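Shown below: final_27.txt, with compact mmCIF, C-alpha atoms.
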# COMPACT_ATOMS: atom_id res chain seq x y z
CA MET Y 1 119.07 109.70 106.70
CA LYS Y 2 118.44 108.74 103.10
CA LEU Y 3 118.09 105.06 102.18
CA LYS Y 4 120.06 103.52 99.36
CA PRO Y 5 117.90 102.61 96.35
CA LYS Y 6 118.52 98.91 96.96
CA TYR Y 7 117.19 99.08 100.53
CA ARG Y 8 114.34 101.35 99.49
CA ARG Y 9 113.21 98.78 96.92
CA VAL Y 10 113.34 95.96 99.48
CA MET Y 11 111.26 98.04 101.88
CA ILE Y 12 108.72 98.79 99.13
CA ASP Y 13 108.50 95.07 98.25
CA VAL Y 14 108.00 94.09 101.89
CA LEU Y 15 105.37 96.81 102.26
CA ALA Y 16 103.53 95.58 99.14
CA VAL Y 17 103.38 92.00 100.44
CA THR Y 18 102.27 93.26 103.88
CA ILE Y 19 99.48 95.33 102.31
CA VAL Y 20 98.19 92.31 100.35
CA VAL Y 21 98.18 90.06 103.45
CA ALA Y 22 96.55 92.78 105.60
CA SER Y 23 93.92 93.37 102.91
CA VAL Y 24 92.90 89.70 102.82
CA ALA Y 25 92.72 89.60 106.64
CA GLY Y 26 90.76 92.87 106.67
CA ILE Y 27 88.29 91.55 104.10
CA TYR Y 28 87.80 88.35 106.11
CA PHE Y 29 87.19 90.15 109.41
CA GLY Y 30 85.04 92.76 107.69
CA LEU Y 31 82.88 90.03 106.18
CA GLN Y 32 82.55 88.40 109.60
CA ILE Y 33 80.98 91.61 110.88
CA ALA Y 34 78.94 92.43 107.77
CA LEU Y 35 77.53 88.91 107.37
CA ALA Y 36 77.11 88.23 111.11
CA THR Y 37 78.92 84.90 111.09
CA PRO Y 38 82.29 83.63 112.31
CA THR Y 39 82.71 81.78 108.99
CA PRO Y 40 81.97 84.24 106.14
CA TRP Y 41 83.30 81.84 103.50
CA VAL Y 42 83.59 78.08 103.35
CA VAL Y 43 85.16 75.79 100.76
CA VAL Y 44 83.09 72.89 99.45
CA ALA Y 45 85.21 69.80 100.09
CA SER Y 46 82.90 66.94 99.05
CA GLY Y 47 80.51 66.15 96.23
CA SER Y 48 77.43 65.66 98.39
CA MET Y 49 75.84 68.88 97.06
CA ASN Y 50 76.42 68.24 93.32
CA PRO Y 51 75.23 69.78 91.02
CA SER Y 52 74.29 72.85 93.13
CA LEU Y 53 77.74 73.11 94.72
CA GLU Y 54 80.84 71.39 93.40
CA VAL Y 55 84.12 70.45 95.04
CA GLY Y 56 86.40 73.49 95.03
CA ASP Y 57 83.63 76.09 95.11
CA LEU Y 58 83.93 78.89 97.63
CA VAL Y 59 80.60 79.81 99.22
CA ILE Y 60 79.80 83.08 100.95
CA VAL Y 61 77.86 82.49 104.16
CA GLN Y 62 75.43 84.81 105.95
CA GLY Y 63 74.58 84.35 109.61
CA ILE Y 64 70.81 84.45 110.11
CA PRO Y 65 68.39 83.71 112.95
CA PRO Y 66 67.11 80.11 112.94
CA SER Y 67 63.55 81.37 112.43
CA ASP Y 68 64.60 82.78 109.01
CA ILE Y 69 65.78 79.40 107.69
CA HIS Y 70 63.32 77.76 105.31
CA VAL Y 71 62.97 74.40 103.63
CA GLU Y 72 65.29 74.19 100.56
CA ASP Y 73 67.81 76.71 102.01
CA ILE Y 74 71.43 75.53 101.93
CA ILE Y 75 72.98 75.85 105.39
CA ILE Y 76 76.41 75.37 106.92
CA PHE Y 77 76.49 73.60 110.25
CA GLY Y 78 79.04 72.16 112.62
CA LEU Y 79 79.05 68.54 113.70
CA PRO Y 80 80.06 67.25 117.14
CA GLN Y 81 83.25 65.80 115.58
CA GLY Y 82 84.33 69.36 114.75
CA SER Y 83 83.80 69.26 110.99
CA ARG Y 84 81.51 71.51 108.96
CA THR Y 85 78.83 70.32 106.56
CA ILE Y 86 76.96 72.12 103.79
CA HIS Y 87 73.55 70.55 103.07
CA ARG Y 88 70.05 71.56 102.05
CA VAL Y 89 67.25 71.85 104.64
CA LYS Y 90 64.50 69.28 103.99
CA ARG Y 91 62.40 69.54 107.15
CA ILE Y 92 62.14 71.93 110.11
CA GLN Y 93 60.96 70.92 113.55
CA THR Y 94 60.05 73.30 116.39
CA LEU Y 95 60.73 71.84 119.84
CA GLN Y 96 58.62 72.50 122.95
CA ASN Y 97 61.19 74.97 124.30
CA GLY Y 98 60.83 77.07 121.10
CA THR Y 99 64.13 76.07 119.50
CA PHE Y 100 64.45 74.69 115.99
CA GLN Y 101 65.95 71.55 114.55
CA PHE Y 102 66.67 70.93 110.88
CA LYS Y 103 66.71 67.73 108.86
CA THR Y 104 69.20 68.10 106.03
CA LYS Y 105 70.26 66.22 102.91
CA GLY Y 106 73.01 66.58 100.35
CA ASP Y 107 71.60 67.03 96.82
CA ALA Y 108 73.69 64.09 95.56
CA ASN Y 109 72.83 61.85 98.52
CA SER Y 110 70.04 59.29 98.23
CA SER Y 111 68.66 59.83 101.73
CA GLU Y 112 68.39 62.49 104.43
CA ASP Y 113 71.10 62.79 107.07
CA ALA Y 114 70.55 60.44 110.02
CA TYR Y 115 70.66 63.26 112.58
CA TRP Y 116 68.77 66.47 113.28
CA VAL Y 117 70.82 69.68 113.26
CA SER Y 118 70.14 71.93 116.26
CA GLU Y 119 69.88 75.69 115.77
CA GLN Y 120 73.04 76.18 117.89
CA ASP Y 121 75.08 74.24 115.31
CA VAL Y 122 73.95 76.32 112.33
CA GLN Y 123 76.66 78.77 111.22
CA GLY Y 124 74.72 80.38 108.42
CA ARG Y 125 73.00 80.15 105.06
CA VAL Y 126 74.77 80.09 101.69
CA LEU Y 127 74.41 83.42 99.86
CA TYR Y 128 76.71 83.05 96.87
CA ARG Y 129 78.85 80.45 95.15
CA ILE Y 130 82.21 81.33 93.57
CA PRO Y 131 83.33 78.44 91.36
CA TYR Y 132 86.90 77.04 91.56
CA LEU Y 133 88.25 79.65 94.00
CA GLY Y 134 88.18 77.17 96.89
CA TRP Y 135 90.77 74.94 95.23
CA MET Y 136 93.44 77.20 96.71
CA ALA Y 137 92.43 75.98 100.16
CA LEU Y 138 91.84 72.35 99.16
CA GLU Y 139 95.14 71.94 97.31
CA PRO Y 140 97.91 73.34 99.56
CA THR Y 141 100.50 73.43 96.79
CA ILE Y 142 98.55 76.07 94.81
CA PRO Y 143 99.02 78.91 97.38
CA ILE Y 144 102.67 77.91 97.82
CA ILE Y 145 103.25 78.11 94.06
CA ILE Y 146 101.49 81.51 93.93
CA VAL Y 147 103.63 82.86 96.80
CA ILE Y 148 106.88 81.60 95.26
CA ALA Y 149 105.97 82.96 91.82
CA SER Y 150 105.05 86.33 93.36
CA ILE Y 151 108.36 86.54 95.21
CA ILE Y 152 110.30 85.70 92.04
CA ILE Y 153 108.36 88.31 90.06
CA ILE Y 154 108.99 90.95 92.74
CA LEU Y 155 112.73 90.17 92.79
CA VAL Y 156 113.19 90.08 89.02
CA TRP Y 157 110.75 92.82 87.96
CA PRO Y 158 112.79 95.47 86.15
CA GLU Y 159 112.95 98.94 87.58
CA ASP Y 160 112.73 102.10 85.53
CA THR Y 161 116.00 102.32 83.62
CA ARG Y 162 115.82 106.04 82.96
CA LYS Y 163 116.29 108.96 85.30
CA LYS Y 164 115.35 112.61 84.81
CA ASP Y 165 118.01 115.25 85.26
CA ASP Y 166 117.45 118.75 86.64
CA LYS Y 167 116.10 119.98 83.30
CA GLY Y 168 113.60 117.13 82.91
CA ARG Y 169 115.62 115.22 80.28
CA MET Y 170 115.71 111.42 80.46
CA HIS Y 171 119.08 109.70 80.86
CA PRO Y 172 119.82 105.95 80.80
CA ARG Y 173 120.72 104.34 84.08
CA ARG Y 174 122.15 100.89 84.68
CA LYS Y 175 120.19 98.46 86.84
CA TRP Y 176 121.20 95.05 88.09
CA SER Y 177 118.92 92.06 88.09
CA LEU Y 178 118.85 90.42 91.53
CA ILE Y 179 118.60 86.90 90.12
CA ALA Y 180 120.71 86.84 86.94
CA PHE Y 181 123.32 89.43 88.01
CA THR Y 182 123.32 90.93 84.52
CA LYS Y 183 123.21 94.57 83.64
CA LEU Y 184 119.90 95.93 82.47
CA GLY Y 185 119.50 98.94 80.23
CA PRO Y 186 121.71 100.35 77.49
CA ARG Y 187 125.36 99.37 77.26
CA ALA Y 188 127.99 101.97 78.05
Step by step, read the file and then write its structure as structure tokens.
Amino acid sequence: MKLKPKYRRVMIDVLAVTIVVASVAGIYFGLQIALATPTPWVVVASGSMNPSLEVGDLVIVQGIPPSDIHVEDIIIFGLPQGSRTIHRVKRIQTLQNGTFQFKTKGDANSSEDAYWVSEQDVQGRVLYRIPYLGWMALEPTIPIIIVIASIIIILVWPEDTRKKDDKGRMHPRRKWSLIAFTKLGPRA
């Protein structure tokens, strides 16, 4: 059974969107494995690490053993309230049972954090910073605008208006715009 060109185009558009979504998910899960952390990227949501990290930056995180964390490393850790924090390690303490604790401080903060971070709460160390990319997560309207604009572009994007005949010659073909309902291509 052969599909009509209209349905074929819709299927191609749906497939294109599916491939993009699957690619992003694949990259995320691939980075989880490659970087050995459940959170391979984190968005900086506060200014406590200015000027090293700014609000809206996306940071790539690598999971590492606590023994490989050094003073001045920037780490991501979870707090008991369920939030994540990105701060710089200022002091390291080894407990009697052999576990580590870290005293952290935001670069823009005047004093160290009031609490010690246990090694179980550390999710990883910052590897790279990608400026501005995190704004898509911080400002929910940005991804919505991108999705709507992409859908409009897919629906309105003109198709090839010429078709080859059996001898390889090009012939004009009329196409309809899905949005404007106007004929595209040469007039008859």
Counting only C-alpha atoms, give me one row per residue of region 15-130 of chain Y with an atom at most 12 Å from an atom of region 145-150 of chain Y, showing the shortest contact pair and its distance in Å to one decimal, sorted by chain then residue number, as CSV.
residue,atom,partner,partner_atom,distance
Y:Ala16,CA,Y:Ser150,CA,11.0
Y:Val17,CA,Y:Ser150,CA,9.2
Y:Val20,CA,Y:Val147,CA,11.5
Y:Val21,CA,Y:Val147,CA,11.2
Output file for the residues above (C-alpha atoms, as a PDB file, in the coordinates of the input):
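The resulting file, selection.pdb, is reproduced below:
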ATOM      1  CA  ALA Y  16     103.530  95.580  99.140  1.00  0.00           C
ATOM      2  CA  VAL Y  17     103.380  92.000 100.440  1.00  0.00           C
ATOM      3  CA  VAL Y  20      98.190  92.310 100.350  1.00  0.00           C
ATOM      4  CA  VAL Y  21      98.180  90.060 103.450  1.00  0.00           C
TER       5      VAL Y  21
END
Problem set entry | Length of the CA of Leu138 (chain Y) to CA of Ser83 (chain Y) vector [Å] |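 Calculated distance between CA of Leu138 (chain Y) and CA of Ser83 (chain Y) is 14.6 Å.
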Problem set entry | Point-to-point distance in Å for CA of Val122 (chain Y) and CA of Ile64 (chain Y) | 9.0 Å
Which centre and which edge lengths, in Å to one decimal, describe the axis-aligned box that holds all listed atoms of region 133-151 of chain Y after 8 Å is added on each side, as lines of an AutoDock Vina configuration file?
center_x = 98.3
center_y = 79.2
center_z = 96.0
size_x = 36.2
size_y = 30.6
size_z = 24.3
For this session: Would you work out the distance separating CA of Ser118 (chain Y) from CA of Gln62 (chain Y), expressed in Å to one decimal?
Result: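 About the pair CA of Ser118 (chain Y) and CA of Gln62 (chain Y): they are 17.3 Å apart.
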Problem set entry | 9 Å contact set for region 130-136 of chain Y, all atoms listed in the file, chain neighbours under 2 positions out, as a VMD selection string | chain Y and resid 42 to 45 53 to 60 128 138 to 143
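Proximity ranking of Y:Ala22, Y:Ile92, Y:Ala108, Y:Leu79 relative to Pro51 (chain Y) places Y:Ala108 first, based on all atoms listed in the file.
Minimum atom-to-atom distance to Ile75 (chain Y), evaluated using all atoms listed in the file, belongs to Y:Gly124 out of Y:Gly106, Y:Gly63, Y:Gly47, Y:Gly124.
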Seminar exercise, completed: Using all atoms listed in the file, the residue out of Y:Met49, Y:Ile69, Y:Leu155, Y:Val117 with shortest distance to His87 (chain Y) is Y:Met49
For this session: Considering all atoms listed in the file, state which residue in the set Y:Pro80, Y:Pro66, Y:Pro38, Y:Gly26 is at the smallest distance from Gln93 (chain Y).
Result: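 Selected residue with least distance to Gln93 (chain Y): Y:Pro66.
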Problem set entry | Selected residue of minimal separation from Val10 (chain Y) among Y:Ser67, Y:Leu127, Y:Ile144, Y:Ile154, counting only C-alpha atoms |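 Closest to Val10 (chain Y) of all the choices is Y:Ile154.
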Seminar exercise, completed: Shortest contact to Ile74 (chain Y), candidates Y:Ile86, Y:Ile152, Y:Leu3, Y:Leu95, atoms counted all atoms listed in the file, goes to Y:Ile86
